[in-house]
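The data block below is run_30.tsv; it holds TSV, C-alpha atoms (C1' of nucleotides).
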```
chain	number	residue	atom	x	y	z
A	1	MET	CA	179.23	142.01	83.50
A	2	PRO	CA	177.78	139.41	85.83
A	3	PHE	CA	175.19	137.85	83.57
A	4	GLU	CA	173.72	137.85	80.15
A	5	GLU	CA	171.27	140.66	79.48
A	6	SER	CA	169.97	139.50	76.12
A	7	TYR	CA	166.62	138.69	77.64
A	8	VAL	CA	165.92	142.19	78.89
A	9	ALA	CA	162.33	142.85	77.93
A	10	GLN	CA	163.06	145.70	75.57
A	11	ASP	CA	165.67	148.08	74.36
A	12	GLU	CA	165.07	151.52	75.87
A	13	ASN	CA	165.40	152.84	72.37
A	14	THR	CA	162.89	150.51	70.82
A	15	GLY	CA	160.16	151.75	73.12
A	16	ALA	CA	160.71	155.30	71.93
A	17	LEU	CA	160.76	154.09	68.35
A	18	ILE	CA	157.45	152.32	68.71
A	19	PHE	CA	155.99	155.40	70.28
A	20	GLN	CA	157.18	157.68	67.54
A	21	LEU	CA	155.97	155.32	64.85
A	22	PHE	CA	152.41	155.09	66.15
A	23	ASN	CA	152.39	158.79	66.81
A	24	GLU	CA	153.26	159.63	63.21
A	25	ILE	CA	150.73	157.15	61.94
A	26	GLY	CA	148.03	158.59	64.15
A	27	ILE	CA	148.64	162.13	62.98
A	28	ILE	CA	148.81	161.15	59.32
A	29	SER	CA	145.54	159.30	59.72
A	30	GLN	CA	143.88	162.32	61.25
A	31	LEU	CA	145.20	164.86	58.75
A	32	SER	CA	144.54	162.74	55.70
A	33	SER	CA	141.00	161.80	56.57
A	34	THR	CA	140.16	165.42	57.39
A	35	ALA	CA	141.59	166.56	54.06
A	36	PHE	CA	139.79	163.82	52.19
A	37	GLU	CA	136.46	164.41	53.88
A	38	ARG	CA	136.67	168.10	53.06
A	39	VAL	CA	136.51	167.44	49.32
A	40	LEU	CA	133.90	164.68	49.37
A	41	PRO	CA	130.62	165.56	47.58
A	42	HIS	CA	127.03	164.73	48.61
A	43	GLY	CA	127.91	165.28	52.24
A	44	LEU	CA	129.66	161.93	52.25
A	45	THR	CA	131.78	161.06	55.24
A	46	GLN	CA	134.88	158.98	54.82
A	47	ALA	CA	133.08	156.04	56.41
A	48	GLN	CA	130.22	156.35	53.95
A	49	PHE	CA	132.55	156.66	50.99
A	50	THR	CA	134.43	153.57	52.12
A	51	VAL	CA	131.23	151.56	51.92
A	52	LEU	CA	130.50	152.77	48.39
A	53	ASN	CA	134.07	152.15	47.33
A	54	HIS	CA	134.09	148.65	48.73
A	55	GLY	CA	130.85	147.85	46.96
A	56	ALA	CA	132.12	149.14	43.63
A	57	ARG	CA	135.46	147.37	43.86
A	58	MET	CA	134.61	144.13	45.62
A	59	GLY	CA	131.03	143.74	44.45
A	60	ASP	CA	127.95	144.18	46.59
A	61	GLY	CA	125.58	141.84	48.42
A	62	TRP	CA	127.71	141.57	51.57
A	63	THR	CA	126.13	141.38	55.00
A	64	PRO	CA	126.41	144.35	57.37
A	65	ALA	CA	128.25	142.17	59.88
A	66	ARG	CA	130.99	141.30	57.39
A	67	LEU	CA	131.30	144.88	56.25
A	68	ALA	CA	131.53	146.17	59.82
A	69	ALA	CA	134.35	143.70	60.47
A	70	ALA	CA	136.10	144.67	57.24
A	71	PHE	CA	135.98	148.36	58.14
A	72	GLN	CA	136.94	147.79	61.78
A	73	VAL	CA	133.89	149.42	63.29
A	74	THR	CA	131.27	148.06	65.66
A	75	LYS	CA	128.00	146.71	64.34
A	76	GLY	CA	126.19	149.61	65.95
A	77	THR	CA	128.36	152.16	64.20
A	78	PHE	CA	127.81	150.43	60.92
A	79	THR	CA	124.05	150.34	61.38
A	80	SER	CA	124.22	154.11	61.63
A	81	THR	CA	126.48	154.52	58.58
A	82	LEU	CA	124.19	152.28	56.57
A	83	GLN	CA	121.11	154.26	57.56
A	84	LYS	CA	122.75	157.47	56.38
A	85	LEU	CA	123.58	155.89	53.03
A	86	GLU	CA	120.08	154.51	52.70
A	87	THR	CA	118.55	157.92	53.40
A	88	LYS	CA	120.71	159.38	50.64
A	89	GLY	CA	119.57	156.62	48.31
A	90	PHE	CA	123.09	155.28	47.76
A	91	VAL	CA	122.51	151.76	49.05
A	92	ARG	CA	119.66	149.32	49.28
A	93	VAL	CA	119.47	146.89	52.20
A	94	GLU	CA	117.49	143.68	51.76
A	95	PRO	CA	116.80	140.73	54.02
A	96	ASP	CA	118.95	137.70	53.34
A	97	PRO	CA	116.72	134.98	51.90
A	98	ASP	CA	118.93	132.23	53.37
A	99	ASP	CA	119.43	133.56	56.89
A	100	GLY	CA	116.66	135.25	58.81
A	101	ARG	CA	119.16	137.15	60.98
A	102	SER	CA	121.09	138.69	58.14
A	103	LYS	CA	120.68	141.42	55.56
A	104	ARG	CA	122.44	142.14	52.31
A	105	VAL	CA	123.78	145.49	51.15
A	106	PHE	CA	123.57	146.61	47.51
A	107	LEU	CA	124.72	149.78	45.78
A	108	THR	CA	122.14	151.78	43.85
A	109	ASP	CA	122.97	153.49	40.57
A	110	ALA	CA	123.02	156.77	42.47
A	111	GLY	CA	125.49	155.19	44.90
A	112	ARG	CA	127.83	154.19	42.10
A	113	LYS	CA	127.62	157.64	40.63
A	114	ALA	CA	128.28	159.24	44.02
A	115	ARG	CA	131.41	157.16	44.36
A	116	GLU	CA	132.61	158.29	40.95
A	117	ASP	CA	131.86	161.90	41.83
A	118	ALA	CA	133.94	161.43	44.96
A	119	LEU	CA	136.89	160.02	43.05
A	120	ILE	CA	136.75	162.94	40.64
A	121	ALA	CA	136.51	165.42	43.49
A	122	ALA	CA	139.49	163.83	45.21
A	123	GLY	CA	141.59	163.91	42.05
A	124	PRO	CA	143.33	167.26	42.65
A	125	LEU	CA	144.14	166.26	46.22
A	126	PHE	CA	145.56	162.90	45.19
A	127	ALA	CA	147.52	164.48	42.39
A	128	ARG	CA	149.46	166.48	44.95
A	129	VAL	CA	150.46	163.62	47.24
A	130	PRO	CA	153.52	162.74	45.14
A	131	GLU	CA	154.89	166.13	46.21
A	132	ALA	CA	155.38	164.48	49.58
A	133	ILE	CA	156.38	160.93	48.72
A	134	THR	CA	157.10	159.16	45.46
A	135	PRO	CA	155.13	156.14	44.26
A	136	GLU	CA	158.28	154.10	44.87
A	137	GLN	CA	158.33	155.16	48.50
A	138	MET	CA	154.67	154.27	48.79
A	139	LYS	CA	155.37	150.83	47.39
A	140	ALA	CA	158.22	150.44	49.84
A	141	LEU	CA	156.04	151.42	52.78
A	142	LEU	CA	153.08	149.20	52.07
A	143	PRO	CA	154.34	145.68	52.85
A	144	THR	CA	155.59	146.65	56.30
A	145	LEU	CA	152.42	148.56	57.10
A	146	GLN	CA	150.32	145.64	55.96
A	147	LYS	CA	152.26	143.28	58.21
A	148	LEU	CA	151.78	145.63	61.13
A	149	ARG	CA	148.09	145.99	60.38
A	150	ALA	CA	147.61	142.25	60.12
A	151	TRP	CA	149.37	141.66	63.41
A	152	LEU	CA	147.31	144.28	65.23
A	153	ASP	CA	144.18	142.83	63.71
A	154	ASN	CA	145.00	139.30	64.82
A	155	ASN	CA	146.00	140.35	68.32
A	156	ARG	CA	143.22	142.64	69.42
B	157	MET	CA	150.88	154.79	20.17
B	158	PRO	CA	150.02	158.18	18.72
B	159	PHE	CA	151.46	160.52	21.34
B	160	GLU	CA	153.41	160.75	24.51
B	161	GLU	CA	151.39	160.08	27.67
B	162	SER	CA	153.94	161.08	30.26
B	163	TYR	CA	152.00	164.14	31.25
B	164	VAL	CA	148.82	162.33	32.16
B	165	ALA	CA	147.76	163.81	35.47
B	166	GLN	CA	148.31	160.61	37.36
B	167	ASP	CA	149.12	157.00	36.83
B	168	GLU	CA	145.99	154.92	37.28
B	169	ASN	CA	148.09	152.76	39.53
B	170	THR	CA	149.33	155.59	41.71
B	171	GLY	CA	145.80	156.55	42.68
B	172	ALA	CA	145.16	153.04	43.94
B	173	LEU	CA	148.48	153.06	45.75
B	174	ILE	CA	147.68	156.29	47.56
B	175	PHE	CA	144.33	154.91	48.53
B	176	GLN	CA	145.77	151.72	49.89
B	177	LEU	CA	148.45	153.58	51.79
B	178	PHE	CA	146.06	155.89	53.62
B	179	ASN	CA	143.70	153.02	54.21
B	180	GLU	CA	146.37	150.94	55.95
B	181	ILE	CA	147.49	153.92	57.96
B	182	GLY	CA	143.94	154.68	59.05
B	183	ILE	CA	143.32	151.13	60.22
B	184	ILE	CA	146.64	150.89	62.04
B	185	SER	CA	145.88	154.16	63.77
B	186	GLN	CA	142.51	152.91	64.90
B	187	LEU	CA	143.66	149.49	66.07
B	188	SER	CA	146.74	150.76	67.86
B	189	SER	CA	145.05	153.52	69.77
B	190	THR	CA	142.25	151.20	70.82
B	191	ALA	CA	144.79	148.64	72.06
B	192	PHE	CA	146.80	151.30	73.84
B	193	GLU	CA	143.80	152.93	75.46
B	194	ARG	CA	142.65	149.57	76.77
B	195	VAL	CA	145.72	149.18	78.96
B	196	LEU	CA	145.94	152.77	80.20
B	197	PRO	CA	145.43	153.22	83.95
B	198	HIS	CA	143.55	155.97	85.82
B	199	GLY	CA	140.92	156.07	83.11
B	200	LEU	CA	143.37	157.94	80.91
B	201	THR	CA	142.47	158.39	77.28
B	202	GLN	CA	145.17	158.43	74.66
B	203	ALA	CA	144.70	162.18	74.29
B	204	GLN	CA	145.16	162.69	78.02
B	205	PHE	CA	148.22	160.48	78.13
B	206	THR	CA	149.74	162.38	75.23
B	207	VAL	CA	149.54	165.59	77.24
B	208	LEU	CA	151.25	164.01	80.25
B	209	ASN	CA	153.89	162.44	78.05
B	210	HIS	CA	154.62	165.69	76.27
B	211	GLY	CA	154.98	167.50	79.57
B	212	ALA	CA	157.34	164.91	80.97
B	213	ARG	CA	159.49	164.73	77.85
B	214	MET	CA	159.45	168.31	76.59
B	215	GLY	CA	159.01	170.12	79.89
B	216	ASP	CA	155.86	171.85	81.03
B	217	GLY	CA	154.67	175.45	81.10
B	218	TRP	CA	153.36	175.47	77.53
B	219	THR	CA	150.19	177.34	76.59
B	220	PRO	CA	147.03	175.39	75.70
B	221	ALA	CA	147.09	176.95	72.22
B	222	ARG	CA	150.55	175.61	71.44
B	223	LEU	CA	149.72	172.20	72.84
B	224	ALA	CA	146.50	171.99	70.84
B	225	ALA	CA	148.47	172.78	67.69
B	226	ALA	CA	151.14	170.24	68.59
B	227	PHE	CA	148.54	167.50	69.07
B	228	GLN	CA	146.53	168.47	66.00
B	229	VAL	CA	143.25	169.06	67.80
B	230	THR	CA	141.04	172.12	67.96
B	231	LYS	CA	141.33	174.50	70.86
B	232	GLY	CA	137.86	173.49	71.99
B	233	THR	CA	138.80	169.84	72.09
B	234	PHE	CA	141.92	170.65	74.05
B	235	THR	CA	140.01	172.73	76.57
B	236	SER	CA	137.97	169.63	77.27
B	237	THR	CA	141.00	167.33	77.54
B	238	LEU	CA	142.67	169.77	79.90
B	239	GLN	CA	139.61	169.96	82.12
B	240	LYS	CA	139.57	166.18	82.45
B	241	LEU	CA	143.22	166.15	83.44
B	242	GLU	CA	142.69	168.96	85.91
B	243	THR	CA	139.78	167.11	87.52
B	244	LYS	CA	142.02	164.08	87.96
B	245	GLY	CA	144.68	166.31	89.50
B	246	PHE	CA	147.26	165.46	86.85
B	247	VAL	CA	147.84	169.00	85.58
B	248	ARG	CA	147.69	172.50	86.97
B	249	VAL	CA	146.64	175.37	84.70
B	250	GLU	CA	147.73	178.89	85.64
B	251	PRO	CA	147.23	182.27	84.02
B	252	ASP	CA	150.19	183.50	82.03
B	253	PRO	CA	151.71	186.46	83.90
B	254	ASP	CA	152.97	188.00	80.65
B	255	ASP	CA	149.89	187.61	78.46
B	256	GLY	CA	146.39	188.13	79.78
B	257	ARG	CA	144.87	185.92	77.08
B	258	SER	CA	147.05	182.90	77.76
B	259	LYS	CA	147.42	180.18	80.35
B	260	ARG	CA	150.25	177.83	81.19
B	261	VAL	CA	149.99	174.08	81.75
B	262	PHE	CA	152.06	172.30	84.40
B	263	LEU	CA	152.24	168.65	85.42
B	264	THR	CA	151.57	167.78	89.02
B	265	ASP	CA	153.52	165.07	90.83
B	266	ALA	CA	150.47	162.86	90.49
B	267	GLY	CA	150.50	163.59	86.78
B	268	ARG	CA	154.12	162.49	86.44
B	269	LYS	CA	153.38	159.36	88.37
B	270	ALA	CA	150.31	158.61	86.24
B	271	ARG	CA	152.45	158.85	83.13
B	272	GLU	CA	154.95	156.41	84.59
B	273	ASP	CA	152.15	154.06	85.57
B	274	ALA	CA	150.92	154.25	81.98
B	275	LEU	CA	154.32	153.42	80.55
B	276	ILE	CA	154.61	150.44	82.86
B	277	ALA	CA	151.12	149.29	81.95
B	278	ALA	CA	151.90	149.59	78.26
B	279	GLY	CA	155.13	147.61	78.60
B	280	PRO	CA	153.75	144.16	77.80
B	281	LEU	CA	151.91	145.53	74.78
B	282	PHE	CA	154.98	147.31	73.44
B	283	ALA	CA	157.14	144.30	74.08
B	284	ARG	CA	155.06	142.35	71.59
B	285	VAL	CA	155.19	144.82	68.71
B	286	PRO	CA	158.53	143.44	67.44
B	287	GLU	CA	156.61	140.25	66.67
B	288	ALA	CA	155.10	142.27	63.83
B	289	ILE	CA	157.96	144.45	62.64
B	290	THR	CA	161.61	144.69	63.61
B	291	PRO	CA	163.19	147.85	65.03
B	292	GLU	CA	165.10	148.12	61.75
B	293	GLN	CA	161.86	148.19	59.81
B	294	MET	CA	160.51	150.84	62.15
B	295	LYS	CA	163.58	152.97	61.56
B	296	ALA	CA	163.17	152.51	57.83
B	297	LEU	CA	159.52	153.55	57.98
B	298	LEU	CA	159.90	156.68	60.03
B	299	PRO	CA	161.61	159.16	57.68
B	300	THR	CA	159.06	158.66	54.93
B	301	LEU	CA	156.15	158.87	57.33
B	302	GLN	CA	157.59	162.03	58.82
B	303	LYS	CA	157.88	163.60	55.40
B	304	LEU	CA	154.30	162.67	54.60
B	305	ARG	CA	153.12	164.02	57.92
B	306	ALA	CA	154.98	167.29	57.47
B	307	TRP	CA	153.55	167.77	53.99
B	308	LEU	CA	150.00	167.11	55.14
B	309	ASP	CA	150.52	169.49	58.03
B	310	ASN	CA	151.81	172.28	55.79
B	311	ASN	CA	149.07	171.85	53.22
B	312	ARG	CA	145.89	171.65	55.22
C	313	DA	C1'	113.71	117.16	70.06
C	314	DC	C1'	115.40	120.39	73.66
C	315	DT	C1'	118.36	123.23	75.51
C	316	DA	C1'	122.28	126.12	75.47
C	317	DT	C1'	125.22	128.91	72.94
C	318	DA	C1'	126.52	131.85	69.15
C	319	DT	C1'	125.52	135.30	65.68
C	320	DA	C1'	122.93	139.39	63.23
C	321	DG	C1'	121.25	143.69	63.58
C	322	DT	C1'	119.28	147.56	66.46
C	323	DT	C1'	118.94	150.71	70.23
C	324	DT	C1'	120.61	153.44	74.01
C	325	DG	C1'	123.67	156.30	76.77
C	326	DA	C1'	128.17	158.15	77.04
C	327	DT	C1'	132.16	160.42	75.10
C	328	DA	C1'	135.65	162.58	72.03
C	329	DT	C1'	135.81	165.45	68.54
C	330	DC	C1'	134.70	169.26	65.35
C	331	DG	C1'	133.29	173.88	63.53
C	332	DA	C1'	131.48	178.17	64.56
C	333	DA	C1'	130.48	181.92	67.50
C	334	DC	C1'	131.89	184.51	71.33
C	335	DG	C1'	134.38	187.96	74.72
C	336	DA	C1'	138.79	189.35	76.35
C	337	DA	C1'	143.31	190.75	75.54
C	338	DA	C1'	147.19	191.96	72.50
C	339	DA	C1'	149.38	193.74	68.28
C	340	DG	C1'	149.52	196.66	64.32
C	341	DG	C1'	148.30	200.72	61.35
C	342	DA	C1'	146.67	205.27	60.38
D	343	DT	C1'	145.80	207.72	70.26
D	344	DC	C1'	142.04	205.22	68.16
D	345	DC	C1'	140.50	201.56	65.18
D	346	DT	C1'	141.16	197.09	63.09
D	347	DT	C1'	142.83	192.69	63.09
D	348	DT	C1'	144.74	188.74	65.29
D	349	DT	C1'	145.17	185.50	69.06
D	350	DC	C1'	143.57	182.95	73.30
D	351	DG	C1'	140.58	180.18	75.65
D	352	DT	C1'	135.67	178.80	76.29
D	353	DT	C1'	131.09	177.42	75.07
D	354	DC	C1'	127.53	175.36	72.21
D	355	DG	C1'	125.28	172.25	68.93
D	356	DA	C1'	126.09	168.50	65.94
D	357	DT	C1'	128.09	164.07	64.79
D	358	DA	C1'	130.75	159.68	64.65
D	359	DT	C1'	131.95	156.32	67.43
D	360	DC	C1'	131.90	152.89	71.21
D	361	DA	C1'	130.28	149.43	74.72
D	362	DA	C1'	126.55	147.11	76.51
D	363	DA	C1'	121.98	145.44	76.54
D	364	DC	C1'	118.36	143.50	73.83
D	365	DT	C1'	115.49	140.62	70.31
D	366	DA	C1'	115.35	137.34	66.85
D	367	DT	C1'	117.26	133.67	64.44
D	368	DA	C1'	120.51	129.94	63.72
D	369	DT	C1'	123.73	126.30	65.27
D	370	DA	C1'	125.55	122.68	68.35
D	371	DG	C1'	125.44	119.35	71.99
D	372	DT	C1'	123.12	115.99	74.47
```
Here is a file; write its structure as structure tokens.
Amino acid sequence: MPFEESYVAQDENTGALIFQLFNEIGIISQLSSTAFERVLPHGLTQAQFTVLNHGARMGDGWTPARLAAAFQVTKGTFTSTLQKLETKGFVRVEPDPDDGRSKRVFLTDAGRKAREDALIAAGPLFARVPEAITPEQMKALLPTLQKLRAWLDNNR
Amino acid sequence: MPFEESYVAQDENTGALIFQLFNEIGIISQLSSTAFERVLPHGLTQAQFTVLNHGARMGDGWTPARLAAAFQVTKGTFTSTLQKLETKGFVRVEPDPDDGRSKRVFLTDAGRKAREDALIAAGPLFARVPEAITPEQMKALLPTLQKLRAWLDNNR
DNA sequence: ACTATATAGTTTGATATCGAACGAAAAGGA
DNA sequence: TCCTTTTCGTTCGATATCAAACTATATAGT
């Protein structure tokens, strides 16, 4: 062999592996969000639920801009999501007293209740997931997925 | 502790784990397909590329119905995707001689070339993925993801 | 203090997708 | 053979999302 090939851009095999990996992830994403959305009450979409869930878990009063970034959607998309939630009476959006450009998003009591209803409705679905993979496998998966997510997020 | 709690429907913790898992997967799916679509040539969408790639790897002559099922999209969605590809001259769609309801999808030479162009264009992106996770980690991830995917697919 | 640049949120137009309804063709049952 | 049910592909209306343009406000540089 005339010269070192260690610096070849990529293993033929690795390319296929990457492909397969993102393909599986894409399909799981699609199937799981469809299944989840199907059981959600109050006509909630997954995007809307995510806002309620974030507010309940991380506290409310965040700006739309920060939330849009956290959920990986454009500001325009989030404006729309927020308007839907406001129409349903699940969030309240107030001007930020400290910054004339910003607003602040708060959950209403109805919003908190809607989130709880959603969790209850999703119970039977969630209860069945361990048929597919064990909690141990989930725990094993997470760190690698998080690293991949973080890298994609930093490099977009 | 008054009585055995082993039969509680689900560990409090497991619910959170499931949530986190699908959340990571959803975000990875979104970020990766956005990144991939950005580099695709010929105005190809990811959906369109997937059709070309399937044809090149698995052979062509499949019916739209089977392809739609394989890609997890509705028949209506796939009709649209196919029309885009036909307009670009990347596929040819012919009536099935054996079944009057069906059609058959074939790649054109231009379609095969477009797929190769896409692979070349995606090279630099793919080459960087190992910065995030090693091929070994990818191989470790795949079986579990495949099992999860298969279960979701069978239970929708 | 002025100007230029950056950021927040909205609006608009385009697009990918879905679910449901449809007509045509095939398969199955009586 | 006739009737019913399934399958195939298309169409239609609705929706979630994006990118880009826009206004208003804030920040930074000179």
Would you superpose chain B on chain A, least squares on all C-alpha atoms in order, and hand back the fitted chain as a compact mmCIF listing (two decimals) with C-alpha atoms, in the coordinates of the input?
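Final file, result_36.txt:
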```txt
# COMPACT_ATOMS: atom_id res chain seq x y z
CA MET B 157 179.90 144.17 82.67
CA PRO B 158 178.88 141.43 85.07
CA PHE B 159 176.35 139.50 83.01
CA GLU B 160 174.69 139.20 79.68
CA GLU B 161 171.81 141.63 79.11
CA SER B 162 170.46 140.23 75.88
CA TYR B 163 167.33 138.97 77.54
CA VAL B 164 166.22 142.30 78.90
CA ALA B 165 162.54 142.53 78.08
CA GLN B 166 162.99 145.39 75.69
CA ASP B 167 165.58 147.80 74.46
CA GLU B 168 164.97 151.20 76.00
CA ASN B 169 165.29 152.53 72.50
CA THR B 170 162.74 150.18 70.98
CA GLY B 171 160.02 151.43 73.29
CA ALA B 172 160.60 154.98 72.10
CA LEU B 173 160.65 153.78 68.51
CA ILE B 174 157.31 152.03 68.85
CA PHE B 175 155.86 155.12 70.42
CA GLN B 176 157.09 157.38 67.69
CA LEU B 177 155.86 155.02 65.01
CA PHE B 178 152.30 154.83 66.29
CA ASN B 179 152.32 158.53 66.96
CA GLU B 180 153.22 159.37 63.36
CA ILE B 181 150.67 156.91 62.07
CA GLY B 182 147.96 158.37 64.28
CA ILE B 183 148.63 161.91 63.11
CA ILE B 184 148.81 160.93 59.45
CA SER B 185 145.53 159.11 59.82
CA GLN B 186 143.88 162.14 61.35
CA LEU B 187 145.25 164.68 58.88
CA SER B 188 144.57 162.58 55.81
CA SER B 189 141.02 161.69 56.64
CA THR B 190 140.22 165.29 57.51
CA ALA B 191 141.69 166.45 54.18
CA PHE B 192 139.86 163.74 52.28
CA GLU B 193 136.54 164.36 53.98
CA ARG B 194 136.78 168.05 53.18
CA VAL B 195 136.65 167.42 49.44
CA LEU B 196 133.99 164.70 49.46
CA PRO B 197 130.74 165.61 47.68
CA HIS B 198 127.14 164.82 48.68
CA GLY B 199 127.99 165.32 52.32
CA LEU B 200 129.72 161.95 52.30
CA THR B 201 131.82 161.05 55.29
CA GLN B 202 134.91 158.94 54.86
CA ALA B 203 133.07 156.00 56.42
CA GLN B 204 130.22 156.37 53.94
CA PHE B 205 132.57 156.67 51.00
CA THR B 206 134.41 153.56 52.11
CA VAL B 207 131.19 151.57 51.88
CA LEU B 208 130.48 152.83 48.36
CA ASN B 209 134.05 152.19 47.30
CA HIS B 210 134.03 148.67 48.67
CA GLY B 211 130.79 147.90 46.87
CA ALA B 212 132.07 149.22 43.58
CA ARG B 213 135.41 147.43 43.80
CA MET B 214 134.51 144.18 45.53
CA GLY B 215 130.93 143.81 44.33
CA ASP B 216 127.85 144.29 46.46
CA GLY B 217 125.46 141.96 48.24
CA TRP B 218 127.56 141.63 51.40
CA THR B 219 125.95 141.44 54.84
CA PRO B 220 126.27 144.39 57.24
CA ALA B 221 128.10 142.13 59.71
CA ARG B 222 130.84 141.27 57.24
CA LEU B 223 131.18 144.86 56.13
CA ALA B 224 131.41 146.11 59.70
CA ALA B 225 134.20 143.61 60.34
CA ALA B 226 135.96 144.60 57.13
CA PHE B 227 135.89 148.28 58.08
CA GLN B 228 136.83 147.66 61.70
CA VAL B 229 133.79 149.32 63.23
CA THR B 230 131.16 147.97 65.59
CA LYS B 231 127.91 146.66 64.23
CA GLY B 232 126.10 149.55 65.89
CA THR B 233 128.29 152.09 64.17
CA PHE B 234 127.74 150.39 60.85
CA THR B 235 123.98 150.34 61.30
CA SER B 236 124.17 154.10 61.60
CA THR B 237 126.44 154.53 58.56
CA LEU B 238 124.14 152.33 56.51
CA GLN B 239 121.08 154.33 57.52
CA LYS B 240 122.75 157.53 56.36
CA LEU B 241 123.58 155.99 53.01
CA GLU B 242 120.07 154.63 52.64
CA THR B 243 118.58 158.05 53.37
CA LYS B 244 120.75 159.52 50.64
CA GLY B 245 119.59 156.78 48.28
CA PHE B 246 123.11 155.45 47.73
CA VAL B 247 122.49 151.91 48.98
CA ARG B 248 119.61 149.50 49.16
CA VAL B 249 119.39 147.05 52.07
CA GLU B 250 117.35 143.88 51.60
CA PRO B 251 116.63 140.92 53.84
CA ASP B 252 118.74 137.87 53.14
CA PRO B 253 116.48 135.19 51.63
CA ASP B 254 118.66 132.41 53.05
CA ASP B 255 119.19 133.68 56.60
CA GLY B 256 116.44 135.38 58.56
CA ARG B 257 118.94 137.22 60.77
CA SER B 258 120.90 138.78 57.93
CA LYS B 259 120.51 141.53 55.38
CA ARG B 260 122.29 142.26 52.13
CA VAL B 261 123.68 145.62 51.01
CA PHE B 262 123.49 146.76 47.38
CA LEU B 263 124.67 149.94 45.68
CA THR B 264 122.14 151.97 43.78
CA ASP B 265 123.00 153.70 40.51
CA ALA B 266 123.08 156.96 42.43
CA GLY B 267 125.49 155.33 44.85
CA ARG B 268 127.85 154.32 42.05
CA LYS B 269 127.69 157.78 40.62
CA ALA B 270 128.36 159.36 44.03
CA ARG B 271 131.47 157.24 44.37
CA GLU B 272 132.69 158.38 40.97
CA ASP B 273 131.97 161.98 41.87
CA ALA B 274 134.03 161.47 45.02
CA LEU B 275 136.97 160.05 43.11
CA ILE B 276 136.89 162.97 40.72
CA ALA B 277 136.67 165.42 43.60
CA ALA B 278 139.60 163.78 45.33
CA GLY B 279 141.73 163.87 42.18
CA PRO B 280 143.50 167.17 42.80
CA LEU B 281 144.28 166.15 46.37
CA PHE B 282 145.68 162.78 45.34
CA ALA B 283 147.66 164.33 42.55
CA ARG B 284 149.62 166.30 45.11
CA VAL B 285 150.57 163.42 47.40
CA PRO B 286 153.65 162.53 45.31
CA GLU B 287 155.03 165.90 46.39
CA ALA B 288 155.48 164.23 49.77
CA ILE B 289 156.47 160.68 48.91
CA THR B 290 157.18 158.91 45.64
CA PRO B 291 155.18 155.91 44.41
CA GLU B 292 158.31 153.83 45.03
CA GLN B 293 158.34 154.87 48.66
CA MET B 294 154.66 154.02 48.95
CA LYS B 295 155.32 150.57 47.55
CA ALA B 296 158.17 150.13 50.00
CA LEU B 297 155.97 151.16 52.92
CA LEU B 298 153.01 148.96 52.21
CA PRO B 299 154.22 145.43 52.99
CA THR B 300 155.45 146.37 56.45
CA LEU B 301 152.31 148.32 57.23
CA GLN B 302 150.19 145.41 56.07
CA LYS B 303 152.07 143.04 58.33
CA LEU B 304 151.62 145.39 61.27
CA ARG B 305 147.95 145.78 60.49
CA ALA B 306 147.40 142.04 60.22
CA TRP B 307 149.15 141.42 63.53
CA LEU B 308 147.12 144.06 65.33
CA ASP B 309 143.96 142.64 63.80
CA ASN B 310 144.76 139.09 64.91
CA ASN B 311 145.73 140.12 68.42
CA ARG B 312 142.99 142.43 69.55
```
Give one line per residue of chain D that approaches chain B to at most 10 Å, naming the two atoms of the closest pair and their distance in Å to one decimal, counting only C-alpha atoms (C1' of nucleotides); sort by chain then ascending residue number and deliver it as a tab-separated table.
```
residue	atom	partner	partner_atom	distance
D:DT349	C1'	B:Arg257	CA	8.0
D:DC350	C1'	B:Arg257	CA	5.0
D:DG351	C1'	B:Arg257	CA	7.3
D:DT352	C1'	B:Gly232	CA	7.2
D:DT353	C1'	B:Gly232	CA	8.4
```
Keeping only C-alpha atoms (C1' of nucleotides), write the selected residues as a compact mmCIF listing (two decimals), keeping the file's coordinate frame.
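Full text of out-v4.txt as output:
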```txt
# COMPACT_ATOMS: atom_id res chain seq x y z
C1' DT D 349 145.17 185.50 69.06
C1' DC D 350 143.57 182.95 73.30
C1' DG D 351 140.58 180.18 75.65
C1' DT D 352 135.67 178.80 76.29
C1' DT D 353 131.09 177.42 75.07
```
Write out as JSON, numbers by chain which residues come within 12 Å of range 313-316 of chain C when counting all atoms listed in the file, dropping same-chain ones fewer than 3 positions away.
{"D": [369, 370, 371, 372]}
C-alpha atoms (C1' of nucleotides) of the current selection, written as a CSV table (one decimal), keeping the file's coordinate frame:
```csv
chain,number,residue,atom,x,y,z
D,369,DT,C1',123.7,126.3,65.3
D,370,DA,C1',125.6,122.7,68.4
D,371,DG,C1',125.4,119.4,72.0
D,372,DT,C1',123.1,116.0,74.5
```
Suppose you want the space between C1' of DC364 in chain D and CA of Pro95 in chain A; what is it in Å?
20.1 Å
Near chain B, which residues of chain A fall within 9 Å when you count all atoms listed in the file, and what do they look like as a ChimeraX atom specification?
/A:9-10,14-15,17-35,71-72,123,126-127,129-133,135,137-142,144-153,156
Pick the closest to chain C from B:Gln202, B:Ile276, B:Thr264, B:Thr230: which is it, counting all atoms listed in the file?
B:Thr230
Chain C contacts to chain A at 12 Å (all atoms listed in the file) as a tab-separated table (two decimals) with C-alpha atoms (C1' of nucleotides), keeping the file's coordinate frame:
```tsv
chain	number	residue	atom	x	y	z
C	319	DT	C1'	125.52	135.30	65.68
C	320	DA	C1'	122.93	139.39	63.23
C	321	DG	C1'	121.25	143.69	63.58
C	322	DT	C1'	119.28	147.56	66.46
C	323	DT	C1'	118.94	150.71	70.23
C	324	DT	C1'	120.61	153.44	74.01
C	329	DT	C1'	135.81	165.45	68.54
C	330	DC	C1'	134.70	169.26	65.35
```
